[in-house]
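Colleague: The following file, run.csv, comprises CSV, N, CA and C atoms and all ligand atoms:
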```csv
chain,number,residue,atom,x,y,z
Z,16,MET,N,153.2,130.1,128.0
Z,16,MET,CA,153.2,128.7,128.6
Z,16,MET,C,153.9,127.8,127.6
Z,17,ASN,N,154.8,127.0,128.2
Z,17,ASN,CA,155.4,126.0,127.3
Z,17,ASN,C,154.7,124.6,127.4
Z,18,PRO,N,154.9,123.7,126.5
Z,18,PRO,CA,154.2,122.4,126.6
Z,18,PRO,C,154.4,121.7,127.9
Z,19,SER,N,155.6,121.7,128.4
Z,19,SER,CA,155.8,121.0,129.7
Z,19,SER,C,155.0,121.6,130.8
Z,20,GLU,N,154.9,122.9,130.9
Z,20,GLU,CA,154.1,123.6,131.9
Z,20,GLU,C,152.6,123.2,131.7
Z,21,TYR,N,152.2,123.2,130.5
Z,21,TYR,CA,150.8,122.9,130.2
Z,21,TYR,C,150.5,121.5,130.7
Z,22,VAL,N,151.4,120.5,130.4
Z,22,VAL,CA,151.1,119.1,130.8
Z,22,VAL,C,151.0,119.0,132.3
Z,23,LYS,N,152.0,119.7,133.0
Z,23,LYS,CA,152.0,119.7,134.4
Z,23,LYS,C,150.7,120.2,135.0
Z,24,LEU,N,150.2,121.3,134.5
Z,24,LEU,CA,149.0,121.9,134.9
Z,24,LEU,C,147.7,121.1,134.5
Z,25,ALA,N,147.8,120.6,133.3
Z,25,ALA,CA,146.6,119.8,132.8
Z,25,ALA,C,146.4,118.5,133.6
Z,26,ILE,N,147.4,117.8,134.0
Z,26,ILE,CA,147.2,116.5,134.6
Z,26,ILE,C,146.8,116.7,136.1
Z,27,LYS,N,146.9,117.9,136.6
Z,27,LYS,CA,146.4,118.2,137.9
Z,27,LYS,C,144.8,118.0,138.0
Z,28,THR,N,144.2,118.1,136.8
Z,28,THR,CA,142.7,118.0,136.8
Z,28,THR,C,142.3,116.6,136.2
Z,29,GLU,N,143.2,115.7,136.0
Z,29,GLU,CA,142.8,114.4,135.6
Z,29,GLU,C,142.2,113.6,136.7
Z,30,SER,N,141.2,112.8,136.4
Z,30,SER,CA,140.6,111.9,137.4
Z,30,SER,C,141.6,110.7,137.5
Z,31,THR,N,142.1,110.5,138.8
Z,31,THR,CA,143.1,109.4,139.0
Z,31,THR,C,142.7,108.4,140.1
Z,32,ASN,N,141.4,108.4,140.4
Z,32,ASN,CA,141.0,107.4,141.4
Z,32,ASN,C,140.8,106.0,140.7
Z,33,PHE,N,141.9,105.4,140.3
Z,33,PHE,CA,141.9,104.2,139.5
Z,33,PHE,C,141.3,103.0,140.2
Z,34,ALA,N,141.4,103.0,141.5
Z,34,ALA,CA,140.7,101.9,142.3
Z,34,ALA,C,139.2,102.0,142.1
Z,35,ALA,N,138.7,103.3,142.2
Z,35,ALA,CA,137.2,103.5,142.0
Z,35,ALA,C,136.8,103.1,140.6
Z,36,MET,N,137.7,103.4,139.6
Z,36,MET,CA,137.4,103.1,138.2
Z,36,MET,C,137.4,101.6,138.0
Z,37,ASP,N,138.4,100.9,138.6
Z,37,ASP,CA,138.4,99.4,138.6
Z,37,ASP,C,137.1,98.8,139.2
Z,38,GLU,N,136.7,99.4,140.3
Z,38,GLU,CA,135.5,98.9,140.9
Z,38,GLU,C,134.3,99.1,140.0
Z,39,ARG,N,134.1,100.2,139.4
Z,39,ARG,CA,133.0,100.5,138.5
Z,39,ARG,C,133.1,99.5,137.3
Z,40,LEU,N,134.3,99.3,136.8
Z,40,LEU,CA,134.5,98.5,135.6
Z,40,LEU,C,134.4,97.0,135.9
Z,41,SER,N,134.1,96.6,137.2
Z,41,SER,CA,133.9,95.2,137.5
Z,41,SER,C,132.5,94.8,137.1
Z,42,ASP,N,131.7,95.8,136.7
Z,42,ASP,CA,130.3,95.6,136.2
Z,42,ASP,C,130.4,95.3,134.7
Z,43,ASN,N,130.1,94.0,134.3
Z,43,ASN,CA,130.2,93.6,132.9
Z,43,ASN,C,129.2,94.4,132.0
Z,44,GLY,N,128.1,94.8,132.6
Z,44,GLY,CA,127.1,95.6,131.8
Z,44,GLY,C,127.8,97.0,131.4
Z,45,LEU,N,128.5,97.5,132.4
Z,45,LEU,CA,129.2,98.8,132.1
Z,45,LEU,C,130.3,98.6,131.0
Z,46,LYS,N,131.0,97.4,131.0
Z,46,LYS,CA,131.9,97.1,130.0
Z,46,LYS,C,131.3,97.0,128.6
Z,47,ARG,N,130.1,96.4,128.6
Z,47,ARG,CA,129.3,96.3,127.3
Z,47,ARG,C,129.0,97.7,126.8
Z,48,LEU,N,128.5,98.6,127.7
Z,48,LEU,CA,128.2,100.0,127.3
Z,48,LEU,C,129.4,100.7,126.8
Z,49,LEU,N,130.6,100.5,127.5
Z,49,LEU,CA,131.8,101.1,127.1
Z,49,LEU,C,132.2,100.7,125.7
Z,50,HIS,N,132.1,99.3,125.5
Z,50,HIS,CA,132.4,98.8,124.2
Z,50,HIS,C,131.5,99.4,123.1
Z,51,ALA,N,130.3,99.5,123.4
Z,51,ALA,CA,129.3,100.1,122.4
Z,51,ALA,C,129.6,101.6,122.2
Z,52,GLY,N,129.9,102.3,123.3
Z,52,GLY,CA,130.2,103.7,123.2
Z,52,GLY,C,131.4,104.0,122.4
Z,53,ILE,N,132.5,103.2,122.6
Z,53,ILE,CA,133.7,103.3,121.8
Z,53,ILE,C,133.4,103.0,120.3
Z,54,GLY,N,132.6,101.9,120.1
Z,54,GLY,CA,132.3,101.5,118.8
Z,54,GLY,C,131.5,102.5,118.0
Z,55,LEU,N,130.5,103.1,118.7
Z,55,LEU,CA,129.7,104.2,118.1
Z,55,LEU,C,130.5,105.3,117.7
Z,56,SER,N,131.5,105.7,118.5
Z,56,SER,CA,132.4,106.8,118.2
Z,56,SER,C,133.3,106.4,117.0
Z,57,THR,N,133.9,105.2,116.9
Z,57,THR,CA,134.8,104.9,115.8
Z,57,THR,C,134.0,104.7,114.5
Z,58,GLU,N,132.8,104.1,114.6
Z,58,GLU,CA,132.0,104.0,113.4
Z,58,GLU,C,131.5,105.3,112.9
Z,59,SER,N,131.2,106.2,113.8
Z,59,SER,CA,130.8,107.6,113.4
Z,59,SER,C,132.0,108.2,112.7
Z,60,GLY,N,133.2,108.0,113.2
Z,60,GLY,CA,134.4,108.5,112.5
Z,60,GLY,C,134.6,107.9,111.1
Z,61,GLU,N,134.3,106.6,110.9
Z,61,GLU,CA,134.4,106.1,109.6
Z,61,GLU,C,133.4,106.7,108.7
Z,62,PHE,N,132.2,107.0,109.2
Z,62,PHE,CA,131.1,107.6,108.4
Z,62,PHE,C,131.6,109.0,108.0
Z,63,LEU,N,132.1,109.8,108.9
Z,63,LEU,CA,132.6,111.1,108.7
Z,63,LEU,C,133.8,111.1,107.7
Z,64,ASP,N,134.7,110.1,107.8
Z,64,ASP,CA,135.9,110.0,107.0
Z,64,ASP,C,135.5,109.8,105.5
Z,65,ALA,N,134.4,109.1,105.3
Z,65,ALA,CA,133.9,108.9,103.9
Z,65,ALA,C,133.4,110.3,103.4
Z,66,LEU,N,132.7,111.0,104.2
Z,66,LEU,CA,132.3,112.3,103.8
Z,66,LEU,C,133.4,113.3,103.6
Z,67,LYS,N,134.4,113.2,104.5
Z,67,LYS,CA,135.6,114.1,104.4
Z,67,LYS,C,136.3,113.8,103.1
Z,68,LYS,N,136.5,112.6,102.7
Z,68,LYS,CA,137.3,112.2,101.5
Z,68,LYS,C,136.5,112.7,100.3
Z,69,HIS,N,135.2,112.6,100.3
Z,69,HIS,CA,134.4,113.1,99.2
Z,69,HIS,C,134.5,114.6,99.1
Z,70,ILE,N,134.2,115.3,100.2
Z,70,ILE,CA,134.0,116.8,100.2
Z,70,ILE,C,135.3,117.5,100.0
Z,71,PHE,N,136.4,117.0,100.7
Z,71,PHE,CA,137.6,117.8,100.7
Z,71,PHE,C,138.7,117.2,99.8
Z,72,TYR,N,138.6,115.9,99.4
Z,72,TYR,CA,139.6,115.3,98.6
Z,72,TYR,C,139.1,114.9,97.2
Z,73,GLY,N,137.8,115.1,97.0
Z,73,GLY,CA,137.3,114.8,95.7
Z,73,GLY,C,137.1,113.3,95.4
Z,74,LYS,N,137.2,112.5,96.4
Z,74,LYS,CA,136.9,111.1,96.2
Z,74,LYS,C,135.4,110.8,95.9
Z,75,GLU,N,135.1,109.9,95.1
Z,75,GLU,CA,133.7,109.6,94.9
Z,75,GLU,C,132.9,109.2,96.2
Z,76,LEU,N,131.7,109.8,96.4
Z,76,LEU,CA,131.0,109.5,97.6
Z,76,LEU,C,130.5,108.0,97.5
Z,77,ASP,N,130.9,107.2,98.4
Z,77,ASP,CA,130.6,105.8,98.4
Z,77,ASP,C,129.3,105.6,99.3
Z,78,ARG,N,128.2,105.6,98.7
Z,78,ARG,CA,126.9,105.5,99.5
Z,78,ARG,C,126.8,104.1,100.0
Z,79,VAL,N,127.3,103.1,99.3
Z,79,VAL,CA,127.3,101.7,99.9
Z,79,VAL,C,128.1,101.7,101.2
Z,80,ASN,N,129.2,102.3,101.2
Z,80,ASN,CA,130.0,102.4,102.4
Z,80,ASN,C,129.3,103.1,103.5
Z,81,LEU,N,128.7,104.2,103.2
Z,81,LEU,CA,127.9,105.0,104.2
Z,81,LEU,C,126.8,104.1,104.8
Z,82,ALA,N,126.1,103.3,104.0
Z,82,ALA,CA,125.1,102.4,104.5
Z,82,ALA,C,125.7,101.3,105.4
Z,83,GLU,N,126.9,100.9,105.0
Z,83,GLU,CA,127.7,99.9,105.8
Z,83,GLU,C,128.0,100.4,107.1
Z,84,GLU,N,128.4,101.7,107.2
Z,84,GLU,CA,128.7,102.3,108.5
Z,84,GLU,C,127.5,102.5,109.3
Z,85,MET,N,126.4,102.8,108.6
Z,85,MET,CA,125.1,102.9,109.3
Z,85,MET,C,124.7,101.5,110.0
Z,86,GLY,N,125.0,100.4,109.3
Z,86,GLY,CA,124.8,99.1,109.8
Z,86,GLY,C,125.7,98.8,111.0
Z,87,ASP,N,126.9,99.3,110.9
Z,87,ASP,CA,127.8,99.1,112.0
Z,87,ASP,C,127.4,99.8,113.2
Z,88,LEU,N,126.8,101.0,113.0
Z,88,LEU,CA,126.3,101.8,114.1
Z,88,LEU,C,125.1,101.1,114.8
Z,89,PHE,N,124.2,100.5,113.9
Z,89,PHE,CA,123.1,99.7,114.5
Z,89,PHE,C,123.6,98.5,115.3
Z,90,TRP,N,124.7,97.9,114.9
Z,90,TRP,CA,125.2,96.8,115.6
Z,90,TRP,C,125.6,97.2,117.0
Z,91,TYR,N,126.2,98.3,117.2
Z,91,TYR,CA,126.6,98.8,118.5
Z,91,TYR,C,125.4,99.2,119.3
Z,92,LEU,N,124.4,99.8,118.6
Z,92,LEU,CA,123.1,100.2,119.3
Z,92,LEU,C,122.4,99.0,119.7
Z,93,ALA,N,122.5,97.9,119.1
Z,93,ALA,CA,121.9,96.6,119.5
Z,93,ALA,C,122.4,96.2,120.9
Z,94,ILE,N,123.7,96.4,121.1
Z,94,ILE,CA,124.3,96.1,122.4
Z,94,ILE,C,123.8,97.0,123.4
Z,95,VAL,N,123.6,98.3,123.1
Z,95,VAL,CA,123.1,99.3,124.1
Z,95,VAL,C,121.6,98.9,124.4
Z,96,SER,N,120.9,98.6,123.4
Z,96,SER,CA,119.5,98.2,123.6
Z,96,SER,C,119.4,97.0,124.5
Z,97,ASP,N,120.2,96.0,124.3
Z,97,ASP,CA,120.2,94.8,125.1
Z,97,ASP,C,120.6,95.1,126.5
Z,98,GLU,N,121.7,95.8,126.7
Z,98,GLU,CA,122.2,96.1,128.0
Z,98,GLU,C,121.3,97.0,128.8
Z,99,LEU,N,120.7,98.0,128.2
Z,99,LEU,CA,119.7,98.8,128.9
Z,99,LEU,C,118.4,98.2,129.1
Z,100,GLY,N,118.1,97.2,128.3
Z,100,GLY,CA,116.8,96.5,128.4
Z,100,GLY,C,115.7,97.4,127.8
Z,101,VAL,N,116.1,98.1,126.8
Z,101,VAL,CA,115.1,98.9,126.1
Z,101,VAL,C,114.9,98.4,124.7
Z,102,ASN,N,113.6,98.5,124.2
Z,102,ASN,CA,113.2,98.1,122.9
Z,102,ASN,C,113.5,99.2,121.9
Z,103,MET,N,114.2,98.9,120.8
Z,103,MET,CA,114.6,100.0,119.9
Z,103,MET,C,113.3,100.7,119.3
Z,104,GLU,N,112.3,100.0,119.1
Z,104,GLU,CA,111.0,100.6,118.6
Z,104,GLU,C,110.5,101.6,119.6
Z,105,ASP,N,110.6,101.3,120.9
Z,105,ASP,CA,110.1,102.2,121.9
Z,105,ASP,C,111.0,103.4,122.0
Z,106,VAL,N,112.3,103.2,121.9
Z,106,VAL,CA,113.3,104.3,121.9
Z,106,VAL,C,113.0,105.3,120.7
Z,107,MET,N,112.7,104.7,119.6
Z,107,MET,CA,112.4,105.6,118.4
Z,107,MET,C,111.1,106.4,118.7
Z,108,GLU,N,110.1,105.7,119.2
Z,108,GLU,CA,108.8,106.4,119.5
Z,108,GLU,C,109.0,107.5,120.5
Z,109,ARG,N,109.8,107.3,121.6
Z,109,ARG,CA,110.1,108.3,122.6
Z,109,ARG,C,110.8,109.4,122.0
Z,110,ASN,N,111.8,109.1,121.1
Z,110,ASN,CA,112.5,110.2,120.5
Z,110,ASN,C,111.6,111.1,119.7
Z,111,ILE,N,110.7,110.5,118.9
Z,111,ILE,CA,109.8,111.4,118.1
Z,111,ILE,C,108.9,112.2,119.1
Z,112,SER,N,108.4,111.5,120.2
Z,112,SER,CA,107.6,112.3,121.1
Z,112,SER,C,108.3,113.4,121.7
Z,113,LYS,N,109.6,113.2,122.1
Z,113,LYS,CA,110.4,114.3,122.6
Z,113,LYS,C,110.5,115.4,121.6
Z,114,LEU,N,110.8,115.1,120.4
Z,114,LEU,CA,111.0,116.1,119.3
Z,114,LEU,C,109.6,116.9,119.0
Z,115,LYS,N,108.5,116.1,119.1
Z,115,LYS,CA,107.2,116.8,118.9
Z,115,LYS,C,107.0,117.8,120.1
Z,116,ALA,N,107.4,117.4,121.3
Z,116,ALA,CA,107.2,118.3,122.5
Z,116,ALA,C,108.1,119.5,122.3
Z,117,ARG,N,109.2,119.3,121.7
Z,117,ARG,CA,110.2,120.4,121.5
Z,117,ARG,C,109.8,121.4,120.4
Z,118,TYR,N,109.4,120.8,119.2
Z,118,TYR,CA,109.2,121.6,118.0
Z,118,TYR,C,107.8,121.6,117.5
Z,119,GLY,N,106.9,120.8,118.1
Z,119,GLY,CA,105.6,120.7,117.4
Z,119,GLY,C,105.8,119.9,116.1
Z,120,GLU,N,105.3,120.4,115.0
Z,120,GLU,CA,105.4,119.7,113.8
Z,120,GLU,C,106.6,120.2,112.9
Z,121,LYS,N,107.3,121.3,113.4
Z,121,LYS,CA,108.3,121.8,112.5
Z,121,LYS,C,109.4,122.4,113.3
Z,122,PHE,N,110.7,122.2,112.8
Z,122,PHE,CA,111.8,122.8,113.5
Z,122,PHE,C,111.8,124.3,113.5
Z,123,SER,N,112.3,124.9,114.6
Z,123,SER,CA,112.6,126.4,114.5
Z,123,SER,C,113.7,126.6,115.4
Z,124,GLU,N,114.5,127.6,115.1
Z,124,GLU,CA,115.7,127.9,115.9
Z,124,GLU,C,115.3,128.4,117.3
Z,125,GLU,N,114.2,129.2,117.3
Z,125,GLU,CA,113.7,129.7,118.6
Z,125,GLU,C,113.3,128.5,119.5
Z,126,LYS,N,112.6,127.5,119.0
Z,126,LYS,CA,112.2,126.4,119.8
Z,126,LYS,C,113.4,125.5,120.2
Z,127,ALA,N,114.4,125.5,119.3
Z,127,ALA,CA,115.7,124.8,119.7
Z,127,ALA,C,116.4,125.4,120.9
Z,128,GLU,N,116.3,126.7,120.9
Z,128,GLU,CA,117.0,127.4,122.0
Z,128,GLU,C,116.2,127.5,123.3
Z,129,ASN,N,114.8,127.3,123.2
Z,129,ASN,CA,114.0,127.4,124.4
Z,129,ASN,C,113.2,126.1,124.7
Z,130,ARG,N,114.0,125.1,125.0
Z,130,ARG,CA,113.5,123.8,125.3
Z,130,ARG,C,112.9,123.6,126.7
Z,131,ASP,N,111.8,122.9,126.8
Z,131,ASP,CA,111.3,122.5,128.1
Z,131,ASP,C,111.9,121.2,128.5
Z,132,LEU,N,113.0,121.2,129.2
Z,132,LEU,CA,113.8,120.0,129.5
Z,132,LEU,C,113.0,119.1,130.4
Z,133,ASN,N,112.2,119.7,131.3
Z,133,ASN,CA,111.4,118.9,132.3
Z,133,ASN,C,110.4,118.1,131.6
Z,134,THR,N,109.7,118.7,130.6
Z,134,THR,CA,108.7,117.9,129.8
Z,134,THR,C,109.4,116.8,129.0
Z,135,GLU,N,110.5,117.2,128.4
Z,135,GLU,CA,111.2,116.2,127.6
Z,135,GLU,C,111.7,115.0,128.5
Z,136,ARG,N,112.2,115.3,129.6
Z,136,ARG,CA,112.6,114.3,130.6
Z,136,ARG,C,111.5,113.4,131.0
Z,137,GLU,N,110.3,114.0,131.2
Z,137,GLU,CA,109.1,113.2,131.6
Z,137,GLU,C,108.8,112.2,130.5
Z,138,ILE,N,108.9,112.6,129.3
Z,138,ILE,CA,108.6,111.8,128.1
Z,138,ILE,C,109.6,110.6,128.1
Z,139,LEU,N,110.8,110.9,128.3
Z,139,LEU,CA,111.9,109.9,128.2
Z,139,LEU,C,111.8,108.9,129.3
Z,140,GLU,N,111.3,109.4,130.5
Z,140,GLU,CA,111.2,108.5,131.7
Z,140,GLU,C,110.1,107.5,131.5
Z,141,LYS,N,109.2,107.7,130.6
Z,141,LYS,CA,108.2,106.7,130.3
Z,141,LYS,C,108.7,105.5,129.5
Z,142,GLN,N,110.0,105.6,129.1
Z,142,GLN,CA,110.6,104.5,128.4
Z,142,GLN,C,110.4,103.2,129.1
Z,143,LYS,N,110.0,102.2,128.3
Z,143,LYS,CA,109.9,100.8,128.9
Z,143,LYS,C,111.3,100.3,129.1
Z,144,MET,N,111.7,99.9,130.3
Z,144,MET,CA,113.0,99.3,130.6
Z,144,MET,C,112.8,97.9,131.3
Z,145,ASN,N,113.5,97.0,130.9
Z,145,ASN,CA,113.4,95.6,131.5
Z,145,ASN,C,114.1,95.6,132.8
G,201,MG,MG,132.6,100.4,110.0
```
Using structure tokens, write down the structure from this file.

Modeller:
Amino acid sequence: MNPSEYVKLAIKTESTNFAAMDERLSDNGLKRLLHAGIGLSTESGEFLDALKKHIFYGKELDRVNLAEEMGDLFWYLAIVSDELGVNMEDVMERNISKLKARYGEKFSEEKAENRDLNTEREILEKQKMN
């Protein structure tokens, strides 16, 4: 397969209902979540870039920069928290409850592979939302 054939076949599976996308994007809350989602991804990339430069290029690991990127991630998570109407403390508590349901008190590969998704979902649905 040559690149042109690949592009021709690949774009057949692209979602192209742009009118429907425009309609969904008329929701400002969705725009805020998209902004946060893009930001979380780019800030994660900055975090990984610092690790990459240290591990693969021998640059000194800049822990101050890693903490800065952690702060940037929190900034985007604050937008998500506000838009979803969830309290970050409650999200943290639900996350730990979910992990306790999954692993008990300790990680195991067997438990990671055999998760009770219904129980985990029930825990997460108790999340307080405004
Ligand atoms: Mg950053």

Colleague: Kindly provide the residues of chain Z that approach ligand MG 201 (chain G) to within 7 Å, each paired with its closest atom pair and their distance in Å to one decimal, based on only N, CA and C atoms and all ligand atoms, listed by chain and increasing number, as CSV.

Modeller:
```
residue,atom,partner,partner_atom,distance
Z:Thr57,C,G:MG201,MG,6.4
Z:Glu58,CA,G:MG201,MG,5.0
Z:Glu61,CA,G:MG201,MG,6.0
Z:Phe62,N,G:MG201,MG,6.7
Z:Glu83,C,G:MG201,MG,5.4
Z:Glu84,CA,G:MG201,MG,4.6
Z:Met85,N,G:MG201,MG,6.8
Z:Asp87,CA,G:MG201,MG,5.4
Z:Leu88,N,G:MG201,MG,6.6
```

Colleague: Hey, can you spit out that residue selection with N, CA and C atoms as a short mmCIF file (atom, residue, chain, number, x, y, z; two decimals), in the frame of the given file?

Modeller:
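Output file part05.cif is given in full below:
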```cif
data_model
loop_
_atom_site.label_atom_id
_atom_site.label_comp_id
_atom_site.auth_asym_id
_atom_site.auth_seq_id
_atom_site.Cartn_x
_atom_site.Cartn_y
_atom_site.Cartn_z
N THR Z 57 133.90 105.20 116.90
CA THR Z 57 134.80 104.90 115.80
C THR Z 57 134.00 104.70 114.50
N GLU Z 58 132.80 104.10 114.60
CA GLU Z 58 132.00 104.00 113.40
C GLU Z 58 131.50 105.30 112.90
N GLU Z 61 134.30 106.60 110.90
CA GLU Z 61 134.40 106.10 109.60
C GLU Z 61 133.40 106.70 108.70
N PHE Z 62 132.20 107.00 109.20
CA PHE Z 62 131.10 107.60 108.40
C PHE Z 62 131.60 109.00 108.00
N GLU Z 83 126.90 100.90 105.00
CA GLU Z 83 127.70 99.90 105.80
C GLU Z 83 128.00 100.40 107.10
N GLU Z 84 128.40 101.70 107.20
CA GLU Z 84 128.70 102.30 108.50
C GLU Z 84 127.50 102.50 109.30
N MET Z 85 126.40 102.80 108.60
CA MET Z 85 125.10 102.90 109.30
C MET Z 85 124.70 101.50 110.00
N ASP Z 87 126.90 99.30 110.90
CA ASP Z 87 127.80 99.10 112.00
C ASP Z 87 127.40 99.80 113.20
N LEU Z 88 126.80 101.00 113.00
CA LEU Z 88 126.30 101.80 114.10
C LEU Z 88 125.10 101.10 114.80
#
```

Colleague: Would you please work out which residue, of Z:Ser96, Z:Leu81, Z:Pro18, Z:Met36, is nearest to Leu63 of chain Z when using all atoms listed in the file?

Modeller: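 Ranking Z:Ser96, Z:Leu81, Z:Pro18, Z:Met36 by distance to Leu63 of chain Z, first place goes to Z:Leu81.
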
Colleague: From the list Z:Ala34, Z:Ile53, Z:Leu139, Z:Ala65, which residue is nearest Val101 of chain Z when using only C-alpha atoms?

Modeller: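 Between Z:Ala34, Z:Ile53, Z:Leu139, Z:Ala65, the residue approaching Val101 of chain Z most closely is Z:Leu139.
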
Colleague: Just checking: using only C-alpha atoms, which residue out of Z:Glu128, Z:Glu20, Z:Glu104, Z:Asp64 ends up closest to Asp77 of chain Z?

Modeller: Z:Asp64

Colleague: Could you check how far atom CA of Lys121 of chain Z sits from atom N of Val106 of chain Z, in Å to one decimal?

Modeller: 21.2 Å

Colleague: Which of these residues is nearest to Asp105 of chain Z, using all atoms listed in the file: Z:Leu132, Z:Lys143, Z:Tyr118, Z:Glu137?

Modeller: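 Selected residue with least distance to Asp105 of chain Z: Z:Lys143.
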
Colleague: Near Lys115 of chain Z, counting only C-alpha atoms, which residues have an atom at most 12 Å away, once you skip same-chain residues fewer than 2 positions from it, shown as a compact mmCIF listing (two decimals) with N, CA and C atoms, in the coordinates of the input?

Modeller:
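Written file, around13.txt:
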```txt
# COMPACT_ATOMS: atom_id res chain seq x y z
N GLU Z 108 110.10 105.70 119.20
CA GLU Z 108 108.80 106.40 119.50
C GLU Z 108 109.00 107.50 120.50
N ARG Z 109 109.80 107.30 121.60
CA ARG Z 109 110.10 108.30 122.60
C ARG Z 109 110.80 109.40 122.00
N ASN Z 110 111.80 109.10 121.10
CA ASN Z 110 112.50 110.20 120.50
C ASN Z 110 111.60 111.10 119.70
N ILE Z 111 110.70 110.50 118.90
CA ILE Z 111 109.80 111.40 118.10
C ILE Z 111 108.90 112.20 119.10
N SER Z 112 108.40 111.50 120.20
CA SER Z 112 107.60 112.30 121.10
C SER Z 112 108.30 113.40 121.70
N LYS Z 113 109.60 113.20 122.10
CA LYS Z 113 110.40 114.30 122.60
C LYS Z 113 110.50 115.40 121.60
N ARG Z 117 109.20 119.30 121.70
CA ARG Z 117 110.20 120.40 121.50
C ARG Z 117 109.80 121.40 120.40
N TYR Z 118 109.40 120.80 119.20
CA TYR Z 118 109.20 121.60 118.00
C TYR Z 118 107.80 121.60 117.50
N GLY Z 119 106.90 120.80 118.10
CA GLY Z 119 105.60 120.70 117.40
C GLY Z 119 105.80 119.90 116.10
N GLU Z 120 105.30 120.40 115.00
CA GLU Z 120 105.40 119.70 113.80
C GLU Z 120 106.60 120.20 112.90
N LYS Z 121 107.30 121.30 113.40
CA LYS Z 121 108.30 121.80 112.50
C LYS Z 121 109.40 122.40 113.30
N PHE Z 122 110.70 122.20 112.80
CA PHE Z 122 111.80 122.80 113.50
C PHE Z 122 111.80 124.30 113.50
N SER Z 123 112.30 124.90 114.60
CA SER Z 123 112.60 126.40 114.50
C SER Z 123 113.70 126.60 115.40
N LYS Z 126 112.60 127.50 119.00
CA LYS Z 126 112.20 126.40 119.80
C LYS Z 126 113.40 125.50 120.20
N ALA Z 127 114.40 125.50 119.30
CA ALA Z 127 115.70 124.80 119.70
C ALA Z 127 116.40 125.40 120.90
N ARG Z 130 114.00 125.10 125.00
CA ARG Z 130 113.50 123.80 125.30
C ARG Z 130 112.90 123.60 126.70
N ASP Z 131 111.80 122.90 126.80
CA ASP Z 131 111.30 122.50 128.10
C ASP Z 131 111.90 121.20 128.50
N THR Z 134 109.70 118.70 130.60
CA THR Z 134 108.70 117.90 129.80
C THR Z 134 109.40 116.80 129.00
N GLU Z 135 110.50 117.20 128.40
CA GLU Z 135 111.20 116.20 127.60
C GLU Z 135 111.70 115.00 128.50
N ILE Z 138 108.90 112.60 129.30
CA ILE Z 138 108.60 111.80 128.10
C ILE Z 138 109.60 110.60 128.10
```

Colleague: In Å to one decimal, how far is atom C of Leu55 of chain Z from atom N of Leu92 of chain Z?

Modeller: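 The value is 8.3 Å.
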
Colleague: Using all atoms listed in the file, find the one residue out of Z:Asn32, Z:Lys67, Z:Ala51, Z:Tyr72 that sits nearest to Val95 of chain Z.

Modeller: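 Using all atoms listed in the file, Val95 of chain Z sits closest to Z:Ala51.
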
Colleague: Within 6.5 Å of Gly54 of chain Z, counting only N, CA and C atoms, which residues show up once you throw out same-chain ones fewer than 5 positions away? Write them as an NGL selection string, please.

Modeller: :Z and (49 or 59 or 91)

Colleague: Of the candidates Z:Glu98, Z:Leu66, Z:Gly73, Z:Thr28, which shows the shortest atom-to-atom distance to Arg47 of chain Z, using all atoms listed in the file?

Modeller: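 Comparing Z:Glu98, Z:Leu66, Z:Gly73, Z:Thr28 against Arg47 of chain Z, the winner is Z:Glu98.
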
Colleague: So the first atom is atom CA of Lys141 of chain Z and the second is atom CA of Leu40 of chain Z; what is the distance between them in Å, to one decimal place?

Modeller: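 Going from atom CA of Lys141 of chain Z over to atom CA of Leu40 of chain Z, I get 28.1 Å.
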